[in-house]
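What follows is the content of final06.tsv (TSV, C-alpha atoms and all ligand atoms).
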chain	number	residue	atom	x	y	z
A	12	MET	CA	1.91	7.13	30.65
A	13	ALA	CA	0.96	9.33	27.72
A	14	GLN	CA	-2.66	9.41	26.58
A	15	PHE	CA	-3.46	8.25	23.06
A	16	LYS	CA	-6.60	9.01	21.08
A	17	GLU	CA	-8.64	5.82	20.67
A	18	LEU	CA	-8.27	4.44	17.17
A	19	VAL	CA	-9.12	1.03	15.76
A	20	PHE	CA	-6.97	-0.72	13.14
A	21	SER	CA	-7.25	-4.17	11.63
A	22	GLY	CA	-6.17	-6.03	8.50
A	23	VAL	CA	-7.23	-8.96	6.36
A	24	GLN	CA	-5.00	-10.72	3.84
A	25	PRO	CA	-6.18	-10.95	0.23
A	26	THR	CA	-5.27	-14.61	-0.03
A	27	GLY	CA	-8.55	-16.02	-1.36
A	28	ASN	CA	-11.64	-17.76	0.02
A	29	LEU	CA	-12.83	-15.31	2.66
A	30	HIS	CA	-14.86	-17.50	4.99
A	31	LEU	CA	-17.23	-17.51	7.93
A	32	GLY	CA	-14.28	-17.43	10.37
A	33	ASN	CA	-12.98	-14.22	8.80
A	34	TYR	CA	-16.49	-12.79	8.91
A	35	LEU	CA	-17.39	-13.68	12.51
A	36	GLY	CA	-13.89	-13.37	13.98
A	37	ALA	CA	-13.03	-10.13	12.21
A	38	ILE	CA	-15.16	-8.36	9.59
A	39	LYS	CA	-18.49	-8.46	11.47
A	40	ARG	CA	-16.75	-7.05	14.52
A	41	PHE	CA	-15.10	-4.33	12.37
A	42	VAL	CA	-18.62	-3.24	11.43
A	43	THR	CA	-19.66	-2.98	15.10
A	44	MET	CA	-16.54	-1.00	16.08
A	45	GLN	CA	-17.28	1.76	13.58
A	46	GLU	CA	-20.31	2.84	15.63
A	47	THR	CA	-18.11	3.91	18.53
A	48	HIS	CA	-14.60	4.50	17.13
A	49	ASP	CA	-12.60	5.96	14.28
A	50	CYS	CA	-11.49	2.90	12.31
A	51	ILE	CA	-8.89	2.02	9.71
A	52	TYR	CA	-9.37	-1.27	7.85
A	53	CYS	CA	-6.58	-2.47	5.62
A	54	VAL	CA	-6.27	-5.09	2.91
A	55	VAL	CA	-2.77	-6.33	3.73
A	56	ASP	CA	-1.44	-7.16	0.28
A	57	MET	CA	2.21	-6.96	1.37
A	58	HIS	CA	1.54	-9.66	3.95
A	59	ALA	CA	-0.10	-11.79	1.26
A	60	ILE	CA	3.11	-12.00	-0.81
A	61	THR	CA	5.05	-13.58	2.08
A	62	VAL	CA	3.83	-16.74	0.34
A	63	TRP	CA	3.53	-16.98	-3.45
A	64	GLN	CA	0.55	-15.19	-5.02
A	65	ASP	CA	-0.35	-15.20	-8.68
A	66	PRO	CA	-0.29	-11.50	-9.69
A	67	LYS	CA	-3.64	-11.50	-11.53
A	68	GLU	CA	-5.35	-13.40	-8.73
A	69	LEU	CA	-3.83	-11.08	-6.13
A	70	LYS	CA	-5.39	-8.03	-7.80
A	71	ARG	CA	-8.77	-9.77	-7.89
A	72	GLN	CA	-8.50	-10.82	-4.27
A	73	ILE	CA	-7.54	-7.34	-3.07
A	74	ARG	CA	-10.72	-6.06	-4.70
A	75	GLU	CA	-12.73	-8.96	-3.29
A	76	VAL	CA	-11.68	-8.29	0.33
A	77	THR	CA	-12.51	-4.61	-0.21
A	78	ALA	CA	-15.90	-5.64	-1.59
A	79	ALA	CA	-16.47	-7.87	1.45
A	80	PHE	CA	-15.69	-4.97	3.81
A	81	ILE	CA	-18.19	-2.71	2.05
A	82	ALA	CA	-20.83	-5.43	1.58
A	83	ALA	CA	-20.65	-6.32	5.28
A	84	GLY	CA	-21.42	-2.71	6.17
A	85	ILE	CA	-18.13	-0.87	6.65
A	86	ASP	CA	-18.54	2.77	5.61
A	87	PRO	CA	-15.43	3.81	3.66
A	88	LYS	CA	-16.44	7.48	3.76
A	89	LYS	CA	-16.66	7.74	7.54
A	90	HIS	CA	-13.72	5.40	8.13
A	91	ILE	CA	-10.62	4.45	6.13
A	92	VAL	CA	-10.45	1.41	3.83
A	93	PHE	CA	-7.28	0.94	1.77
A	94	ASN	CA	-4.63	-1.52	0.65
A	95	GLN	CA	-1.33	-1.64	2.50
A	96	SER	CA	1.06	-1.43	-0.46
A	97	GLN	CA	-0.22	2.05	-1.32
A	98	VAL	CA	1.08	3.58	1.90
A	99	ALA	CA	4.86	3.18	1.78
A	100	GLN	CA	5.25	4.14	5.44
A	101	HIS	CA	4.13	0.62	6.48
A	102	ALA	CA	7.28	-0.86	4.91
A	103	GLU	CA	9.44	1.99	6.17
A	104	LEU	CA	8.40	1.61	9.80
A	105	ALA	CA	8.63	-2.17	9.50
A	106	TRP	CA	12.36	-1.77	8.79
A	107	VAL	CA	12.83	0.21	11.99
A	108	PHE	CA	10.89	-2.49	13.86
A	109	ASN	CA	13.07	-5.21	12.31
A	110	CYS	CA	15.88	-3.43	14.13
A	111	VAL	CA	13.93	-3.11	17.41
A	112	ALA	CA	12.56	-6.67	17.62
A	113	ARG	CA	14.93	-9.45	18.66
A	114	MET	CA	15.57	-12.69	16.76
A	115	GLY	CA	14.43	-14.63	19.81
A	116	TRP	CA	11.02	-12.91	19.78
A	117	ALA	CA	10.41	-13.64	16.11
A	118	ASN	CA	11.67	-17.21	16.55
A	119	ARG	CA	8.86	-17.91	19.00
A	120	MET	CA	6.04	-17.07	16.55
A	121	THR	CA	3.88	-20.15	16.10
A	122	GLN	CA	2.27	-18.86	12.89
A	123	PHE	CA	5.69	-18.76	11.22
A	124	LYS	CA	6.36	-22.33	12.31
A	125	GLU	CA	2.99	-23.50	11.00
A	126	LYS	CA	3.24	-21.67	7.69
A	127	ALA	CA	6.89	-22.51	7.06
A	128	GLY	CA	6.23	-26.17	7.86
A	129	LYS	CA	9.05	-28.66	7.66
A	130	ASP	CA	10.96	-26.90	4.91
A	131	ARG	CA	11.90	-23.82	6.90
A	132	GLU	CA	15.02	-23.11	4.82
A	133	ASN	CA	12.77	-22.51	1.86
A	134	ALA	CA	10.36	-20.06	3.55
A	135	SER	CA	10.65	-16.45	2.42
A	136	VAL	CA	12.52	-14.00	4.64
A	137	GLY	CA	9.30	-11.96	4.45
A	138	LEU	CA	7.36	-14.73	6.17
A	139	PHE	CA	9.78	-14.50	9.09
A	140	ALA	CA	9.53	-10.69	9.15
A	141	TYR	CA	5.71	-10.80	8.89
A	142	PRO	CA	5.01	-9.90	12.55
A	143	MET	CA	7.19	-6.79	12.40
A	144	LEU	CA	5.24	-5.57	9.36
A	145	MET	CA	2.02	-6.26	11.25
A	146	ALA	CA	3.26	-4.21	14.22
A	147	SER	CA	4.07	-1.44	11.78
A	148	ASP	CA	0.55	-1.54	10.24
A	149	ILE	CA	-0.90	-0.88	13.65
A	150	LEU	CA	1.64	1.51	15.11
A	151	VAL	CA	2.12	3.69	12.03
A	152	TYR	CA	-1.34	5.00	13.01
A	153	ARG	CA	-0.60	4.68	16.74
A	154	ALA	CA	-3.79	2.59	16.90
A	155	THR	CA	-5.00	1.69	20.37
A	156	HIS	CA	-7.44	-1.17	19.63
A	157	VAL	CA	-7.17	-4.11	17.24
A	158	PRO	CA	-10.11	-6.48	16.67
A	159	VAL	CA	-8.85	-9.87	15.43
A	160	GLY	CA	-9.48	-13.59	15.73
A	161	GLU	CA	-7.79	-15.68	18.41
A	162	ASP	CA	-5.03	-16.85	16.03
A	163	GLN	CA	-3.53	-13.33	16.01
A	164	LYS	CA	-3.05	-13.07	19.76
A	165	GLN	CA	0.65	-13.85	19.73
A	166	HIS	CA	1.32	-11.33	16.95
A	167	LEU	CA	-0.42	-8.64	19.00
A	168	GLU	CA	1.67	-9.49	22.04
A	169	LEU	CA	4.76	-8.99	19.87
A	170	THR	CA	3.35	-5.65	18.70
A	171	ARG	CA	3.05	-4.57	22.34
A	172	ASP	CA	6.61	-5.73	23.04
A	173	ILE	CA	7.93	-3.75	20.07
A	174	ALA	CA	6.06	-0.59	21.14
A	175	GLN	CA	7.38	-1.00	24.68
A	176	LYS	CA	10.98	-1.57	23.61
A	177	PHE	CA	10.88	1.38	21.18
A	178	ASN	CA	9.49	3.61	23.95
A	179	ASN	CA	12.23	2.43	26.34
A	180	ASP	CA	15.20	2.39	23.95
A	181	PHE	CA	14.42	5.89	22.66
A	182	ALA	CA	12.94	7.34	25.86
A	183	GLU	CA	15.37	10.27	25.98
A	184	SER	CA	14.94	11.15	22.32
A	185	ILE	CA	11.14	10.80	22.56
A	186	ALA	CA	11.09	13.33	25.38
A	187	GLU	CA	13.57	15.67	23.65
A	188	ASN	CA	11.44	15.68	20.52
A	189	GLY	CA	8.40	16.71	22.54
A	190	TYR	CA	6.50	13.40	22.65
A	191	GLY	CA	6.46	13.03	26.42
A	192	ASP	CA	7.08	9.68	28.07
A	193	ALA	CA	5.89	7.32	25.30
A	194	PHE	CA	5.62	7.59	21.53
A	195	PHE	CA	3.72	4.39	20.72
A	196	PRO	CA	0.60	3.17	22.56
A	197	ILE	CA	0.56	-0.32	24.04
A	198	THR	CA	-2.19	-1.61	21.77
A	199	GLU	CA	-5.14	-3.50	23.20
A	200	PRO	CA	-6.11	-6.68	21.33
A	201	LEU	CA	-9.90	-7.12	21.07
A	202	ILE	CA	-10.58	-10.84	20.96
A	203	HIS	CA	-14.15	-11.17	22.21
A	204	GLY	CA	-17.37	-12.99	21.49
A	205	PRO	CA	-18.41	-16.54	20.74
A	206	ALA	CA	-16.63	-16.88	17.39
A	207	THR	CA	-13.04	-15.70	17.71
A	208	ARG	CA	-11.97	-19.17	16.65
A	209	VAL	CA	-14.41	-20.75	14.19
A	210	MET	CA	-13.53	-24.38	13.55
A	211	SER	CA	-13.64	-26.45	10.35
A	212	LEU	CA	-17.07	-27.94	9.55
A	213	ARG	CA	-15.32	-31.27	8.83
A	214	ASP	CA	-13.09	-31.46	11.90
A	215	GLY	CA	-13.83	-29.65	15.16
A	216	SER	CA	-10.15	-29.73	16.16
A	217	LYS	CA	-8.93	-27.67	13.17
A	218	LYS	CA	-9.64	-23.99	12.63
A	219	MET	CA	-11.67	-22.95	9.60
A	220	SER	CA	-9.09	-21.79	7.08
A	221	LYS	CA	-8.72	-20.37	3.59
A	222	SER	CA	-6.21	-23.03	2.70
A	223	ASP	CA	-8.10	-26.19	3.77
A	224	PRO	CA	-8.23	-28.39	0.64
A	225	SER	CA	-11.85	-29.36	1.40
A	226	ASP	CA	-14.34	-26.66	0.44
A	227	TYR	CA	-16.84	-28.40	2.72
A	228	SER	CA	-14.68	-27.40	5.69
A	229	ARG	CA	-15.73	-23.76	5.38
A	230	ILE	CA	-18.55	-21.48	4.34
A	231	ASN	CA	-17.12	-18.97	1.90
A	232	LEU	CA	-18.47	-15.44	1.95
A	233	THR	CA	-19.20	-15.84	-1.76
A	234	ASP	CA	-21.23	-19.07	-1.36
A	235	ASP	CA	-24.84	-18.92	-2.55
A	236	ALA	CA	-27.81	-20.02	-0.44
A	237	ASP	CA	-27.86	-23.61	-1.78
A	238	THR	CA	-24.15	-24.12	-1.16
A	239	ILE	CA	-24.44	-22.74	2.37
A	240	ALA	CA	-27.36	-25.11	3.06
A	241	THR	CA	-25.50	-28.14	1.72
A	242	LYS	CA	-22.36	-27.37	3.72
A	243	VAL	CA	-24.26	-26.89	6.98
A	244	ARG	CA	-26.24	-30.10	6.45
A	245	LYS	CA	-23.05	-32.05	5.74
A	246	ALA	CA	-21.21	-30.53	8.72
A	247	LYS	CA	-19.73	-33.19	10.99
A	248	THR	CA	-21.66	-33.78	14.23
A	249	ASP	CA	-22.10	-36.53	16.81
A	250	PRO	CA	-25.20	-38.68	17.40
A	251	GLU	CA	-26.31	-37.04	20.70
A	252	PRO	CA	-28.95	-34.29	20.88
A	253	LEU	CA	-27.76	-30.80	21.89
A	254	PRO	CA	-27.17	-30.39	25.64
A	255	SER	CA	-29.02	-27.76	27.68
A	256	GLU	CA	-25.91	-26.51	29.48
A	257	ILE	CA	-22.56	-25.21	28.20
A	258	GLU	CA	-20.67	-27.88	30.20
A	259	GLY	CA	-22.29	-30.48	27.94
A	260	LEU	CA	-20.35	-29.07	24.95
A	261	LYS	CA	-16.89	-29.46	26.53
A	262	THR	CA	-16.01	-32.75	24.88
A	263	ARG	CA	-18.06	-32.19	21.72
A	264	PRO	CA	-16.01	-29.78	19.55
A	265	GLU	CA	-18.22	-30.01	16.46
A	266	ALA	CA	-21.40	-29.30	18.44
A	267	GLU	CA	-19.65	-26.49	20.30
A	268	ASN	CA	-18.58	-24.94	17.01
A	269	LEU	CA	-22.05	-24.98	15.45
A	270	VAL	CA	-23.56	-23.48	18.61
A	271	ALA	CA	-20.89	-20.74	18.63
A	272	ILE	CA	-21.56	-19.97	14.95
A	273	TYR	CA	-25.30	-19.77	15.61
A	274	ALA	CA	-24.74	-17.46	18.58
A	275	ALA	CA	-22.40	-15.15	16.66
A	276	LEU	CA	-24.72	-14.93	13.65
A	277	THR	CA	-27.71	-14.05	15.84
A	278	ASN	CA	-25.80	-11.71	18.21
A	279	THR	CA	-26.63	-13.94	21.17
A	280	THR	CA	-24.53	-16.22	23.39
A	281	PRO	CA	-24.03	-20.00	23.36
A	282	GLU	CA	-26.09	-20.05	26.61
A	283	ASP	CA	-29.02	-18.40	24.79
A	284	VAL	CA	-28.73	-20.86	21.92
A	285	LEU	CA	-28.80	-23.87	24.26
A	286	ARG	CA	-31.77	-22.40	26.12
A	287	ASP	CA	-33.71	-22.43	22.85
A	288	HIS	CA	-32.26	-25.54	21.21
A	289	GLY	CA	-31.06	-27.78	24.08
A	290	GLY	CA	-32.49	-31.27	23.59
A	291	SER	CA	-32.90	-30.80	19.80
A	292	GLN	CA	-31.53	-33.34	17.35
A	293	PHE	CA	-28.90	-32.00	14.95
A	294	SER	CA	-31.26	-32.34	11.99
A	295	GLY	CA	-33.55	-29.73	13.51
A	296	PHE	CA	-30.76	-27.49	14.78
A	297	LYS	CA	-28.98	-27.58	11.43
A	298	ALA	CA	-32.16	-26.49	9.67
A	299	ALA	CA	-32.32	-23.48	12.01
A	300	LEU	CA	-28.63	-22.80	11.40
A	301	VAL	CA	-29.16	-22.92	7.63
A	302	ASP	CA	-31.90	-20.31	8.03
A	303	VAL	CA	-29.83	-17.84	10.01
A	304	SER	CA	-26.71	-18.44	7.88
A	305	VAL	CA	-28.54	-17.82	4.63
A	306	THR	CA	-30.41	-14.80	6.02
A	307	LYS	CA	-27.19	-13.16	7.22
A	308	LEU	CA	-24.68	-14.25	4.59
A	309	ALA	CA	-26.52	-14.44	1.25
A	310	PRO	CA	-27.15	-10.66	1.09
A	311	ILE	CA	-23.42	-10.05	1.69
A	312	ALA	CA	-22.53	-12.44	-1.14
A	313	ASP	CA	-25.03	-10.72	-3.45
A	314	GLU	CA	-23.64	-7.30	-2.63
A	315	MET	CA	-20.06	-8.52	-3.13
A	316	ARG	CA	-20.99	-9.79	-6.60
A	317	ARG	CA	-22.61	-6.47	-7.44
A	318	LEU	CA	-19.53	-4.55	-6.29
A	319	MET	CA	-17.11	-6.89	-8.09
A	320	ALA	CA	-18.92	-6.14	-11.35
A	321	ASP	CA	-17.56	-2.58	-11.14
A	322	PRO	CA	-13.87	-2.76	-10.16
A	323	SER	CA	-13.38	0.95	-10.91
A	324	HIS	CA	-15.64	1.86	-7.99
A	325	ILE	CA	-13.66	-0.42	-5.66
A	326	ASP	CA	-10.38	1.04	-6.91
A	327	ALA	CA	-11.70	4.56	-6.24
A	328	VAL	CA	-12.56	3.58	-2.65
A	329	LEU	CA	-9.03	2.21	-2.17
A	330	ALA	CA	-7.41	5.27	-3.74
A	331	ASP	CA	-9.36	7.63	-1.48
A	332	GLY	CA	-8.61	5.53	1.61
A	333	SER	CA	-4.91	5.31	0.74
A	334	ASP	CA	-4.66	9.09	0.35
A	335	ARG	CA	-6.21	9.64	3.76
A	336	ALA	CA	-4.15	6.90	5.43
A	337	ARG	CA	-0.90	8.23	3.92
A	338	VAL	CA	-1.36	11.64	5.56
A	339	LEU	CA	-1.61	10.02	8.99
A	340	ALA	CA	1.20	7.53	8.42
A	341	ALA	CA	3.55	10.25	7.14
A	342	GLN	CA	3.15	12.21	10.38
A	343	THR	CA	4.16	9.19	12.46
A	344	MET	CA	7.06	8.33	10.18
A	345	ASP	CA	8.46	11.88	10.28
A	346	ALA	CA	8.38	11.72	14.07
A	347	VAL	CA	10.02	8.26	14.08
A	348	LYS	CA	12.85	9.57	11.89
A	349	ASP	CA	13.47	12.42	14.33
A	350	ILE	CA	13.32	10.08	17.31
A	351	VAL	CA	15.65	7.47	15.80
A	352	GLY	CA	18.13	10.15	14.72
A	353	PHE	CA	17.85	10.18	10.94
A	354	VAL	CA	18.59	13.55	9.33
A	355	ARG	CA	15.45	14.66	7.51
A	356	SER	CA	15.93	16.56	4.29
A	357	ARG	CA	12.18	17.12	3.92
B	1	LIG	P1	-6.44	-13.65	7.51
B	1	LIG	O1	-7.34	-14.21	6.50
B	1	LIG	O2	-5.44	-14.63	8.02
B	1	LIG	O3	-5.85	-12.35	7.11
B	1	LIG	O4	-7.37	-13.34	8.76
B	1	LIG	C1	-8.22	-12.21	8.81
B	1	LIG	C2	-8.90	-12.12	10.16
B	1	LIG	O5	-9.79	-13.24	10.32
B	1	LIG	C3	-7.96	-12.15	11.37
B	1	LIG	O6	-8.43	-11.26	12.35
B	1	LIG	C4	-8.05	-13.58	11.83
B	1	LIG	O7	-7.77	-13.71	13.21
B	1	LIG	C5	-9.51	-13.90	11.55
B	1	LIG	N1	-9.73	-15.34	11.36
B	1	LIG	C6	-9.16	-16.15	10.44
B	1	LIG	N2	-9.59	-17.42	10.56
B	1	LIG	C7	-10.47	-17.42	11.61
B	1	LIG	C8	-11.27	-18.42	12.23
B	1	LIG	N3	-11.27	-19.69	11.81
B	1	LIG	N4	-12.06	-18.05	13.27
B	1	LIG	C9	-12.09	-16.76	13.71
B	1	LIG	N5	-11.34	-15.77	13.16
B	1	LIG	C10	-10.56	-16.08	12.11
B	2	LIG	N1	-1.80	-11.17	10.37
B	2	LIG	C1	-3.21	-10.90	10.23
B	2	LIG	C2	-3.92	-12.22	9.81
B	2	LIG	O1	-3.36	-13.06	9.20
B	2	LIG	C3	-3.49	-9.84	9.20
B	2	LIG	C4	-2.92	-8.52	9.62
B	2	LIG	C5	-1.86	-7.86	9.08
B	2	LIG	C6	-3.39	-7.71	10.68
B	2	LIG	N2	-1.66	-6.70	9.69
B	2	LIG	C7	-2.56	-6.56	10.69
B	2	LIG	C8	-4.43	-7.85	11.61
B	2	LIG	C9	-2.74	-5.56	11.64
B	2	LIG	C10	-4.58	-6.82	12.56
B	2	LIG	C11	-3.75	-5.70	12.57
B	2	LIG	O2	-5.04	-12.36	10.09

Once more with this new file: its structure as structure tokens, please.
Ligand code: AMP
Ligand code: TRP
Amino acid sequence: MAQFKELVFSGVQPTGNLHLGNYLGAIKRFVTMQETHDCIYCVVDMHAITVWQDPKELKRQIREVTAAFIAAGIDPKKHIVFNQSQVAQHAELAWVFNCVARMGWANRMTQFKEKAGKDRENASVGLFAYPMLMASDILVYRATHVPVGEDQKQHLELTRDIAQKFNNDFAESIAENGYGDAFFPITEPLIHGPATRVMSLRDGSKKMSKSDPSDYSRINLTDDADTIATKVRKAKTDPEPLPSEIEGLKTRPEAENLVAIYAALTNTTPEDVLRDHGGSQFSGFKAALVDVSVTKLAPIADEMRRLMADPSHIDAVLADGSDRARVLAAQTMDAVKDIVGFVRSR
């Protein structure tokens, strides 16, 4: 199997209300990856419009996700930060992948079923094609590693299937064009750590989500210290004190969630948290959780506000990132055209 240079890619949709789940499951881990890898982080605005977005709000949200990336500590000079729509090759490769992927594969995607709901006839065709665009985001850079939350696992499996099928279907042409025995890497999903699935603060059986009607279900990255404190104090719990062992969390989803959040925020493990807080009542544990949440999150919110006050700086970051991403994506797309058999006039 061909060797691919290690490269990290991930994306976040600019669909409003970035929350603690996005931070712990994705953005915080993006920051860690940049110490050891070349990284490309993308604001996936074309994915956002698979469901209706108000144009003015969309622009604001694209800038807000970019601000969150920078405020959390992503370095857009060393790595690449850009918005998807500015690199046309994502859409171009997605078309090829629409022709590689099978209807049956796309039909199995649970996120489509959840988002389309009961009225599937009225869902956009884009929502159905969403996973092929996601595969294209990753593979247009031939990225090898993708840090995401647990909810993206199935989409990454599809990405691997698409890469595999492309490599097989075009094996002869790939070799003839000088790309050896595989053109696309079989990307590795990175779904690690205590908080790859942060749950709602109101219901431990539902994941924390941008679209939950209750704002108390999530901590938004833009919440101020008082709001964070109120939401943590109001978080649903049960009457028992915290257990000392992990097994004691098995049937207590709300307690398990708060312990996981605490562990992720402090770069420890749930075991460590229970060693320190096992036997505590929730009132005491929540006070400690408010402390770490405010200490870690309030500076990010402050920095996001500062950055949002100067949209021209954010736009300059995106323009620079898009220019650098486009160079890489164009190389892949030229090769794909040769491999597929399109005649290239330039
Ligand atoms: P999205 O906002 O859907 O574009 O998600 C951006 C990133 O955040 C993806 O990597 C998701 O897997 C991750 N994510 C979203 N919600 C959660 C959650 N509740 N817990 C952990 N990760 C999440
Ligand atoms: N589908 C991802 C989500 O909703 C966002 C996304 C789009 C993505 N393209 C990607 C994530 C490529 C990782 C890699 O969270």

Show me which residues sit within 6 Å of ligand LIG 1 (chain B) when counting only C-alpha atoms and all ligand atoms, and put them as an MDAnalysis selection string.
chainID A and resid 23:24 32:33 36:37 159:163 206:210 218:220

Residues within 12 Å of (15.5, -10.9, 17.8), file coords, only C-alpha atoms, listed as a PDB file with C-alpha atoms, in the frame of the given file:
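In the end it all went to result_32.pdb:
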ATOM      1  CA  PHE A 108      10.890  -2.490  13.860  1.00  0.00           C
ATOM      2  CA  ASN A 109      13.070  -5.210  12.310  1.00  0.00           C
ATOM      3  CA  CYS A 110      15.880  -3.430  14.130  1.00  0.00           C
ATOM      4  CA  VAL A 111      13.930  -3.110  17.410  1.00  0.00           C
ATOM      5  CA  ALA A 112      12.560  -6.670  17.620  1.00  0.00           C
ATOM      6  CA  ARG A 113      14.930  -9.450  18.660  1.00  0.00           C
ATOM      7  CA  MET A 114      15.570 -12.690  16.760  1.00  0.00           C
ATOM      8  CA  GLY A 115      14.430 -14.630  19.810  1.00  0.00           C
ATOM      9  CA  TRP A 116      11.020 -12.910  19.780  1.00  0.00           C
ATOM     10  CA  ALA A 117      10.410 -13.640  16.110  1.00  0.00           C
ATOM     11  CA  ASN A 118      11.670 -17.210  16.550  1.00  0.00           C
ATOM     12  CA  ARG A 119       8.860 -17.910  19.000  1.00  0.00           C
ATOM     13  CA  MET A 120       6.040 -17.070  16.550  1.00  0.00           C
ATOM     14  CA  PHE A 139       9.780 -14.500   9.090  1.00  0.00           C
ATOM     15  CA  ALA A 140       9.530 -10.690   9.150  1.00  0.00           C
ATOM     16  CA  PRO A 142       5.010  -9.900  12.550  1.00  0.00           C
ATOM     17  CA  MET A 143       7.190  -6.790  12.400  1.00  0.00           C
ATOM     18  CA  LEU A 169       4.760  -8.990  19.870  1.00  0.00           C
ATOM     19  CA  ASP A 172       6.610  -5.730  23.040  1.00  0.00           C
ATOM     20  CA  ILE A 173       7.930  -3.750  20.070  1.00  0.00           C
ATOM     21  CA  LYS A 176      10.980  -1.570  23.610  1.00  0.00           C
TER      22      LYS A 176
END

Item to check | Env. residues ligand LIG 2 (chain B) / 10 Å / all atoms listed in the file / as a PyMOL selection string | outcome: chain A and resi 19-26+33+36-37+51-59+95+101+122+141-150+154+156-164+166-167+170+200

Judged by only C-alpha atoms, the minimum distance to A:Glu267 among A:Pro310, A:Met44, A:Gly215, A:Asp234 is found for A:Gly215

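The two atoms in question, atom CA of A:Ile91 and atom CA of A:Leu18, are spaced 11.3 Å apart.
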
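Minimum atom-to-atom distance to A:Asp349, evaluated using all atoms listed in the file, belongs to A:Phe181 out of A:Ile60, A:Ala275, A:Phe181, A:Ala174.
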
Close residues, A:Ile311 itself excluded, 8 Å, all atoms listed in the file, min 5 positions apart in chain, as an MDAnalysis selection string:
chainID A and resid 79 82:83 232:233

Please enclose the listed atoms of stretch 194-204 of chain A in an axis-aligned box, pad each side by 6 Å, and write out the centre and the three edge lengths in Å, rounded to one decimal, as AutoDock Vina command-line options.
--center_x -5.9 --center_y -2.7 --center_z 22.4 --size_x 35.0 --size_y 32.6 --size_z 15.3

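With all atoms listed in the file as the basis for measurement, A:Thr61 is the residue among A:Val98, A:Arg335, A:Thr61, A:Thr77 that approaches A:Gly137 most closely.
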
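The coordinates place atom CA of A:Lys245 at 20.5 Å from atom CA of A:Val284.
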
| field | Two-atom distance - atom CA of A:His203, atom CA of A:Leu35 (Å) | value |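 Distance between the two atoms: 10.5 Å.
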
| query | Pick from A:Ala312, A:Leu29, A:Leu104, A:Ala327: nearest to A:Thr238, with only C-alpha atoms counted? | reply |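 So, comparing all the options, the nearest one is A:Ala312.
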
At a cut-off of 9 Å, using all atoms listed in the file, what residues contact stretch 296-299 of chain A? Leave out same-chain residues fewer than 2 positions from it and give the result as a PyMOL selection string.
chain A and resi 240+243-244+246+253+269+273+288+291-294+301-304

What's the 12 Å shell around A:Thr280, counting only C-alpha atoms, without same-chain residues fewer than 2 positions away, as a PDB file with C-alpha atoms, in the frame of the given file?
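Once written, around.pdb looks like this:
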ATOM      1  CA  HIS A 203     -14.150 -11.170  22.210  1.00  0.00           C
ATOM      2  CA  GLY A 204     -17.370 -12.990  21.490  1.00  0.00           C
ATOM      3  CA  PRO A 205     -18.410 -16.540  20.740  1.00  0.00           C
ATOM      4  CA  ALA A 206     -16.630 -16.880  17.390  1.00  0.00           C
ATOM      5  CA  ILE A 257     -22.560 -25.210  28.200  1.00  0.00           C
ATOM      6  CA  GLU A 267     -19.650 -26.490  20.300  1.00  0.00           C
ATOM      7  CA  VAL A 270     -23.560 -23.480  18.610  1.00  0.00           C
ATOM      8  CA  ALA A 271     -20.890 -20.740  18.630  1.00  0.00           C
ATOM      9  CA  ILE A 272     -21.560 -19.970  14.950  1.00  0.00           C
ATOM     10  CA  TYR A 273     -25.300 -19.770  15.610  1.00  0.00           C
ATOM     11  CA  ALA A 274     -24.740 -17.460  18.580  1.00  0.00           C
ATOM     12  CA  ALA A 275     -22.400 -15.150  16.660  1.00  0.00           C
ATOM     13  CA  LEU A 276     -24.720 -14.930  13.650  1.00  0.00           C
ATOM     14  CA  THR A 277     -27.710 -14.050  15.840  1.00  0.00           C
ATOM     15  CA  ASN A 278     -25.800 -11.710  18.210  1.00  0.00           C
ATOM     16  CA  GLU A 282     -26.090 -20.050  26.610  1.00  0.00           C
ATOM     17  CA  ASP A 283     -29.020 -18.400  24.790  1.00  0.00           C
ATOM     18  CA  VAL A 284     -28.730 -20.860  21.920  1.00  0.00           C
ATOM     19  CA  LEU A 285     -28.800 -23.870  24.260  1.00  0.00           C
ATOM     20  CA  ARG A 286     -31.770 -22.400  26.120  1.00  0.00           C
ATOM     21  CA  ASP A 287     -33.710 -22.430  22.850  1.00  0.00           C
TER      22      ASP A 287
END

_Neighbouring residues of A:Ala346 were defined as those with any atom within 10 Å, considering only C-alpha atoms; residues of the same chain fewer than 6 positions away were excluded. Please report them as a ChimeraX atom specification._
/A:185,188-190,194,352

Next on the checklist: Considering all atoms listed in the file, can you say which of A:Glu256, A:Glu265, A:Asp180, A:Asp326 comes closest to A:Arg213?
Outcome noted: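 The answer is A:Glu265, which sits nearest to A:Arg213.
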
Next item on the list: Find the residue from A:Ala309, A:Ala134, A:Val151, A:Ala336 that sits nearest to A:Ala105; use only C-alpha atoms when measuring.
Entry: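 For A:Ala105, the nearest of the given residues is A:Val151.
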
Leaving out A:Arg357 and any residue of its chain fewer than 6 positions from it, which residues lie within 12 Å of it when counting all atoms listed in the file, given as a list of chain:residue names?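 Counting only the stated atoms, we get A:Ala341, A:Met344, A:Asp345, A:Lys348, A:Asp349.
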